[in-house]
Structures are given as C-alpha cells and as structure tokens.
>>> print(open('entry-v5.txt').read())   # compact mmCIF, C-alpha atoms and all ligand atoms
# COMPACT_ATOMS: atom_id res chain seq x y z
CA MET A 11 -6.97 39.05 4.90
CA GLY A 12 -5.66 39.55 8.40
CA GLY A 13 -5.56 42.77 10.37
CA THR A 14 -6.47 44.56 13.53
CA PHE A 15 -9.27 46.47 11.77
CA ASP A 16 -9.34 49.10 14.54
CA PRO A 17 -11.41 50.29 12.71
CA VAL A 18 -11.80 48.80 9.23
CA HIS A 19 -11.41 51.51 6.54
CA LEU A 20 -11.66 51.94 2.77
CA GLY A 21 -7.99 51.03 2.28
CA HIS A 22 -8.81 47.55 3.59
CA LEU A 23 -11.93 47.22 1.44
CA VAL A 24 -10.27 48.43 -1.77
CA THR A 25 -7.36 46.03 -1.16
CA ALA A 26 -9.73 43.10 -0.62
CA GLU A 27 -11.71 43.91 -3.75
CA GLN A 28 -8.56 44.30 -5.86
CA ALA A 29 -7.29 40.92 -4.63
CA ARG A 30 -10.64 39.27 -5.39
CA ALA A 31 -10.69 40.66 -8.92
CA ASP A 32 -7.00 40.26 -9.85
CA LEU A 33 -6.53 36.80 -8.36
CA GLY A 34 -9.99 35.51 -9.29
CA LEU A 35 -10.90 34.63 -5.72
CA ASP A 36 -14.28 33.13 -4.80
CA GLU A 37 -14.26 34.71 -1.38
CA VAL A 38 -12.26 37.14 0.73
CA VAL A 39 -12.36 36.30 4.41
CA PHE A 40 -11.47 39.14 6.79
CA VAL A 41 -9.82 37.83 9.94
CA PRO A 42 -9.76 40.42 12.76
CA ALA A 43 -6.93 39.73 15.19
CA GLY A 44 -7.73 38.70 18.76
CA SER A 45 -4.94 40.24 20.83
CA PRO A 46 -2.20 41.31 18.42
CA TRP A 47 1.10 40.57 20.16
CA GLN A 48 2.93 43.33 18.26
CA LYS A 49 0.30 45.97 19.03
CA SER A 50 -0.06 46.19 22.78
CA ASP A 51 -1.56 49.69 22.48
CA THR A 52 -4.71 48.28 20.86
CA THR A 53 -7.42 48.48 23.46
CA THR A 54 -10.56 48.22 21.36
CA ALA A 55 -12.32 44.99 22.30
CA PRO A 56 -12.03 42.25 19.66
CA GLU A 57 -15.84 41.96 19.56
CA HIS A 58 -16.18 45.64 18.55
CA ARG A 59 -13.53 45.26 15.82
CA TYR A 60 -15.19 42.06 14.60
CA LEU A 61 -18.65 43.69 14.43
CA MET A 62 -17.37 46.78 12.62
CA THR A 63 -15.77 44.50 10.04
CA VAL A 64 -19.08 42.64 9.63
CA LEU A 65 -20.89 45.97 9.13
CA ALA A 66 -18.36 47.06 6.50
CA THR A 67 -18.55 43.84 4.48
CA ALA A 68 -22.11 42.55 4.97
CA ALA A 69 -23.48 43.77 1.64
CA ASN A 70 -20.76 42.14 -0.46
CA PRO A 71 -21.55 38.50 -1.34
CA ALA A 72 -17.84 37.77 -1.87
CA PHE A 73 -16.75 39.10 1.54
CA SER A 74 -17.07 37.39 4.90
CA VAL A 75 -15.57 37.75 8.38
CA SER A 76 -14.05 34.96 10.46
CA ARG A 77 -14.13 34.71 14.26
CA ILE A 78 -11.19 32.32 14.23
CA GLU A 79 -8.74 34.74 15.92
CA VAL A 80 -11.29 36.62 18.01
CA ASP A 81 -12.38 33.36 19.64
CA ARG A 82 -8.87 31.98 20.20
CA GLU A 83 -7.31 32.48 23.62
CA GLY A 84 -3.89 34.10 23.95
CA PRO A 85 -1.85 36.19 21.55
CA THR A 86 -2.55 36.10 17.83
CA TYR A 87 -0.06 34.31 15.58
CA THR A 88 -0.73 34.12 11.84
CA VAL A 89 0.82 30.68 11.61
CA GLN A 90 -1.79 29.21 13.97
CA THR A 91 -4.61 30.80 12.00
CA LEU A 92 -3.29 29.44 8.71
CA ARG A 93 -2.90 25.96 10.20
CA GLN A 94 -6.53 26.05 11.35
CA LEU A 95 -7.83 27.41 8.03
CA ARG A 96 -5.79 24.87 6.09
CA GLU A 97 -7.44 22.07 8.06
CA LEU A 98 -10.93 23.49 7.59
CA LEU A 99 -10.55 24.12 3.87
CA GLY A 100 -9.06 20.86 2.64
CA ASP A 101 -7.96 21.24 -0.98
CA THR A 102 -9.15 24.83 -1.37
CA ARG A 103 -6.39 27.18 -2.44
CA LEU A 104 -5.61 29.66 0.28
CA PHE A 105 -4.11 33.12 -0.16
CA PHE A 106 -3.00 35.38 2.64
CA ILE A 107 -3.47 39.07 1.80
CA THR A 108 -1.40 41.69 3.59
CA GLY A 109 -0.23 45.23 2.95
CA ALA A 110 3.34 46.23 2.13
CA ASP A 111 4.05 47.12 5.76
CA ALA A 112 2.69 43.93 7.30
CA ILE A 113 4.22 41.34 4.98
CA LEU A 114 7.73 41.46 6.40
CA SER A 115 6.65 41.30 10.00
CA ILE A 116 4.67 38.15 9.22
CA LEU A 117 7.31 36.41 7.14
CA THR A 118 10.40 37.28 9.13
CA TRP A 119 9.03 36.47 12.60
CA LYS A 120 7.51 33.32 14.08
CA ASP A 121 7.72 30.08 12.04
CA ALA A 122 8.36 31.89 8.76
CA GLU A 123 9.04 28.77 6.65
CA GLU A 124 5.91 26.98 7.82
CA THR A 125 3.86 30.16 7.38
CA LEU A 126 4.99 30.51 3.75
CA ALA A 127 4.14 26.89 3.01
CA LEU A 128 0.58 27.18 4.33
CA ALA A 129 -0.73 29.79 1.87
CA ASP A 130 0.12 31.87 -1.19
CA PHE A 131 1.24 35.25 0.13
CA VAL A 132 0.04 38.48 -1.44
CA ALA A 133 1.47 41.89 -0.58
CA ALA A 134 -0.63 44.93 -1.50
CA THR A 135 1.08 48.19 -2.39
CA ARG A 136 0.47 50.85 0.24
CA PRO A 137 1.41 54.55 0.20
CA GLY A 138 4.44 55.27 2.37
CA HIS A 139 5.59 51.65 2.44
CA ASP A 140 8.27 50.20 0.21
CA LEU A 141 8.11 46.66 -1.14
CA ARG A 142 11.80 46.64 -2.07
CA ALA A 143 12.52 45.15 1.35
CA LEU A 144 10.96 41.91 0.05
CA ARG A 145 13.93 41.55 -2.28
CA ASP A 146 16.40 42.25 0.52
CA GLU A 147 14.84 39.40 2.48
CA GLY A 148 14.94 37.08 -0.57
CA LEU A 149 11.16 36.81 -0.57
CA GLU A 150 10.32 38.37 -3.93
CA ASP A 151 9.76 35.00 -5.64
CA ARG A 152 7.53 33.74 -2.88
CA VAL A 153 5.17 36.69 -2.59
CA THR A 154 2.79 38.07 -5.22
CA VAL A 155 2.66 41.85 -5.36
CA LEU A 156 -0.85 43.27 -5.75
CA ASP A 157 -1.20 46.76 -7.20
CA VAL A 158 -3.85 48.61 -5.24
CA PRO A 159 -5.15 52.13 -5.97
CA ALA A 160 -3.20 54.25 -3.49
CA LEU A 161 -5.22 55.23 -0.45
CA ALA A 162 -3.19 56.87 2.29
CA ILE A 163 -5.67 55.81 4.96
CA SER A 164 -4.69 54.12 8.21
CA SER A 165 -6.66 53.07 11.27
CA THR A 166 -4.20 55.07 13.37
CA ASP A 167 -5.19 58.23 11.52
CA ILE A 168 -8.91 57.37 11.78
CA ARG A 169 -8.60 56.93 15.57
CA GLU A 170 -6.86 60.29 15.83
CA ARG A 171 -9.53 61.96 13.73
CA PHE A 172 -12.25 60.61 16.01
CA ALA A 173 -10.39 61.71 19.11
CA ARG A 174 -9.86 65.23 17.74
CA GLY A 175 -13.41 65.56 16.46
CA ARG A 176 -12.31 65.70 12.83
CA SER A 177 -14.29 64.21 9.93
CA VAL A 178 -13.90 60.55 8.99
CA SER A 179 -16.47 60.71 6.19
CA TYR A 180 -15.53 58.79 3.02
CA LEU A 181 -12.56 57.18 4.81
CA ILE A 182 -14.57 54.52 6.62
CA PRO A 183 -18.03 53.13 5.81
CA ARG A 184 -20.87 55.15 7.31
CA GLU A 185 -22.11 52.13 9.31
CA VAL A 186 -18.68 51.79 10.90
CA GLU A 187 -18.61 55.48 11.82
CA GLN A 188 -22.07 55.22 13.37
CA TYR A 189 -21.12 52.09 15.33
CA ALA A 190 -17.91 53.67 16.63
CA ARG A 191 -19.76 56.81 17.73
CA LYS A 192 -22.59 54.83 19.35
CA HIS A 193 -20.06 52.96 21.50
CA GLY A 194 -17.67 55.88 21.99
CA LEU A 195 -14.80 53.71 20.80
CA TYR A 196 -12.22 56.30 19.85
CA ALA A 197 -13.14 59.23 22.04
CA THR A 198 -10.28 60.30 24.25
CA PRO A 199 -11.44 61.46 27.69
CA GLY A 200 -10.85 65.18 27.75
CA TRP A 201 -11.96 65.83 24.19
CA GLY A 202 -15.47 65.86 25.55
CA LEU A 203 -17.11 64.19 22.59
CA TRP A 204 -18.20 60.76 23.78
CA GLY A 205 -17.41 58.65 26.80
CA GLY A 206 -17.02 54.96 27.33
CA GLY A 207 -15.29 52.43 25.14
CA ASP A 208 -16.07 49.29 27.13
CA VAL A 209 -18.16 46.50 25.65
P1 LIG A 301 -3.01 50.67 12.19
O1 LIG A 301 -2.70 52.08 11.81
O2 LIG A 301 -3.77 50.53 13.49
O3 LIG A 301 -1.82 49.73 12.10
P2 LIG A 301 -3.86 49.87 9.55
O4 LIG A 301 -4.53 50.94 8.78
O5 LIG A 301 -2.42 49.56 9.24
O6 LIG A 301 -4.07 50.14 11.10
P3 LIG A 301 -4.33 47.08 9.92
O7 LIG A 301 -5.56 46.48 10.55
O8 LIG A 301 -3.07 47.13 10.67
O9 LIG A 301 -4.74 48.56 9.42
O10 LIG A 301 -4.10 46.42 8.49
C1 LIG A 301 -4.60 45.19 8.06
C2 LIG A 301 -3.95 44.84 6.73
O11 LIG A 301 -4.37 45.76 5.71
C3 LIG A 301 -2.42 44.95 6.78
O12 LIG A 301 -1.89 43.89 6.01
C4 LIG A 301 -2.14 46.30 6.16
O13 LIG A 301 -0.87 46.35 5.57
C5 LIG A 301 -3.25 46.39 5.11
N1 LIG A 301 -3.62 47.79 4.83
C6 LIG A 301 -4.11 48.68 5.72
N2 LIG A 301 -4.37 49.87 5.14
C7 LIG A 301 -4.01 49.74 3.83
C8 LIG A 301 -4.04 50.65 2.71
N3 LIG A 301 -4.45 51.92 2.86
N4 LIG A 301 -3.60 50.17 1.53
C9 LIG A 301 -3.15 48.90 1.41
N5 LIG A 301 -3.12 47.99 2.42
C10 LIG A 301 -3.54 48.40 3.63
MG MG A 302 -1.27 48.41 10.51
>>> encode(input="entry-v5.txt", output="structure tokens")
Amino acid sequence: MGGTFDPVHLGHLVTAEQARADLGLDEVVFVPAGSPWQKSDTTTAPEHRYLMTVLATAANPAFSVSRIEVDREGPTYTVQTLRQLRELLGDTRLFFITGADAILSILTWKDAEETLALADFVAATRPGHDLRALRDEGLEDRVTVLDVPALAISSTDIRERFARGRSVSYLIPREVEQYARKHGLYATPGWGLWGGGDV
C-alpha cells in the first residue's frame, strides 16, 4: 500500500485491514513515498513519515513498513517500486492497494501498461471519490474494487487540525499524535502551539 502517510490515519489502517481480510493476504506492506513528484507541497521529512507509519502498524503482525521509497534518491515513481518489489519477491503474488482517488493517477501516468502488469491493482472505496472513472478509462476489468467502511479522513484535514489546534483524537493512532506533537510536525508558525518541524 503506497502513500505519503503525512501522517498515517485510521482511513489507511482500515483500508489495509480490509484488503488483508478480503483478499486473504499474508502481509500488508506500507510503502511511504520518498519525494512524491505530484505533491510538491509535502515538506514533512520522509524519515518522520516512515517512523509514524511504523508506530501505527508495529503491533499488527500482518503489517510492515518498507523503506524502499524513502531510501531511493529522486522522485518517487510507483513503477520503479513495483519493479524492485517484484525482483525481491520472486513468485509471491503482489497486490498494489490504493484509494479511489489515487488509482487513476497511478494508472494513467508514467508507464501505465508496465505498472499494471507488475501487480494486481486494488482500488479502495473512499468517501468523496468516485470509482466510475475507472470505467471511463477502460480499467474496470483490470482493477479489483475493495469495499471499505467509509471514513472521511484525510491527511490534509489532519494537518489542518494540528495547525489550528483542533482535536485529532480517534482519527490517527495516539502514538502518531504524540510523535507529531513531540517533533512539532504540523504546527504552523503563528498558531503558537509548537515550533520546529526539522528532523
Ligand atoms: P493527503 O490528504 O495528504 O493526500 P491522504 O489522506 O489522501 O493524504 P495518502 O497518503 O495520500 O493519504 O493516501 C495513501 C493511500 O491511501 C491512497 O491510495 C489513498 O487513496 C488511500 N486513502 C487515504 N485515505 C483513505 C480513506 N479515508 N479511505 C480509503 N482510502 C484512503
Ligand atoms: Mg492523498
């Protein structure tokens, strides 16, 4: 499951768990992006996003976090990650889990045909995002739709809540909240809550 995870929230975790259960997966590997080329406004250091994802998943024996994108130089392309994972995993069946909003940007951009051939693609339902576009792109037979309990949670909203001093309880794991506060990750200067943000 790829993402920026800035920060990881319960929408991500519920999606991962639903995929594990419905598809009978042995393991769900979270892959935090290094420098997402489509998200130039993301300033949170990859190491912070990686560690928050570890904190959120550590207790689940079926969840793990990969450094594959965090450690790679240059912009993050899914196709490169899948090529690397394919090589590492040999015959293991590989699924790529995304949400309804992310699926089209992955499959209609760089090296779409190769990307589709490298893994089985799964698109999770997400409030506010329509999967009908998959049909318009002729992708409905090549992507499995995963029904996920609707959680209208986004990292964008979580970052805004932090910056405005609003509660993030029950939207992100407590450990992630504590880590973000300790490092002042989402405090906007001027709100006077926390400073910093550098590693
Ligand atoms: P941002 O607002 O910064 O874009 P986000 O909440 O969309 O953050 P990402 O890290 O961009 O989180 O998402 C990683 C993956 O998880 C994407 O494939 C996205 O579609 C999916 N996803 C995120 N939130 C949900 C949710 N609430 N329900 C289902 N899928 C989700
Ligand atoms: Mg997103």
>>> residues_near_ligand(input="entry-v5.txt", ligand="ligand LIG 301 (chain A)", cutoff="8 Å", atoms="only C-alpha atoms and all ligand atoms", output="VMD selection string")
chain A and resid 11 to 22 24 to 25 42 52 107 to 113 133 to 137 158 to 167
>>> residues_around(input="entry-v5.txt", residues="Pro56 (chain A)", least_positions_apart="3", cutoff="6 Å", atoms="only C-alpha atoms", output="PDB file with C-alpha atoms, keeping the file's coordinate frame")
ATOM      1  CA  GLY A  44      -7.730  38.700  18.760  1.00  0.00           C
ATOM      2  CA  ARG A  59     -13.530  45.260  15.820  1.00  0.00           C
ATOM      3  CA  TYR A  60     -15.190  42.060  14.600  1.00  0.00           C
ATOM      4  CA  VAL A  80     -11.290  36.620  18.010  1.00  0.00           C
TER       5      VAL A  80
END
>>> residues_near_point(input="entry-v5.txt", point="(-10.0, 32.7, 21.6)", cutoff="12 Å", atoms="all atoms listed in the file", output="MDAnalysis selection string")
chainID A and resid 42:45 56:57 77:87 90:91
>>> write_last_selection(input="entry-v5.txt", atoms="C-alpha atoms", output="PDB file, in the frame of the given file")
ATOM      1  CA  PRO A  42      -9.760  40.420  12.760  1.00  0.00           C
ATOM      2  CA  ALA A  43      -6.930  39.730  15.190  1.00  0.00           C
ATOM      3  CA  GLY A  44      -7.730  38.700  18.760  1.00  0.00           C
ATOM      4  CA  SER A  45      -4.940  40.240  20.830  1.00  0.00           C
ATOM      5  CA  PRO A  56     -12.030  42.250  19.660  1.00  0.00           C
ATOM      6  CA  GLU A  57     -15.840  41.960  19.560  1.00  0.00           C
ATOM      7  CA  ARG A  77     -14.130  34.710  14.260  1.00  0.00           C
ATOM      8  CA  ILE A  78     -11.190  32.320  14.230  1.00  0.00           C
ATOM      9  CA  GLU A  79      -8.740  34.740  15.920  1.00  0.00           C
ATOM     10  CA  VAL A  80     -11.290  36.620  18.010  1.00  0.00           C
ATOM     11  CA  ASP A  81     -12.380  33.360  19.640  1.00  0.00           C
ATOM     12  CA  ARG A  82      -8.870  31.980  20.200  1.00  0.00           C
ATOM     13  CA  GLU A  83      -7.310  32.480  23.620  1.00  0.00           C
ATOM     14  CA  GLY A  84      -3.890  34.100  23.950  1.00  0.00           C
ATOM     15  CA  PRO A  85      -1.850  36.190  21.550  1.00  0.00           C
ATOM     16  CA  THR A  86      -2.550  36.100  17.830  1.00  0.00           C
ATOM     17  CA  TYR A  87      -0.060  34.310  15.580  1.00  0.00           C
ATOM     18  CA  GLN A  90      -1.790  29.210  13.970  1.00  0.00           C
ATOM     19  CA  THR A  91      -4.610  30.800  12.000  1.00  0.00           C
TER      20      THR A  91
END
>>> atom_distance(input="entry-v5.txt", atom1="CA of Phe172 (chain A)", atom2="CA of Tyr196 (chain A)")
5.8 Å
>>> residues_around(input="entry-v5.txt", residues="Leu104 (chain A)", least_positions_apart="3", cutoff="8 Å", atoms="all atoms listed in the file", output="MDAnalysis selection string")
chainID A and resid 96 128:130
>>> residues_around(input="entry-v5.txt", residues="Asn70 (chain A)", least_positions_apart="5", cutoff="10 Å", atoms="only C-alpha atoms", output="list of chain:residue names")
A:Glu27, A:Glu37, A:Val38
>>> closest_residue(input="entry-v5.txt", among="A:Thr154, A:Glu123, A:Glu185, A:Phe131", to="Ala69 (chain A)", atoms="all atoms listed in the file")
A:Glu185
>>> closest_residue(input="entry-v5.txt", among="A:Leu144, A:Leu195, A:Ile116, A:Ala122", to="ligand MG 302 (chain A)", atoms="all atoms listed in the file")
A:Ile116
>>> closest_residue(input="entry-v5.txt", among="A:Arg174, A:His139, A:Lys120, A:Arg145", to="ligand MG 302 (chain A)", atoms="only C-alpha atoms and all ligand atoms")
A:His139
>>> atom_distance(input="entry-v5.txt", atom1="CA of Ala68 (chain A)", atom2="CA of Val178 (chain A)")
20.2 Å
>>> atom_distance(input="entry-v5.txt", atom1="CA of Lys192 (chain A)", atom2="CA of Val64 (chain A)")
16.0 Å
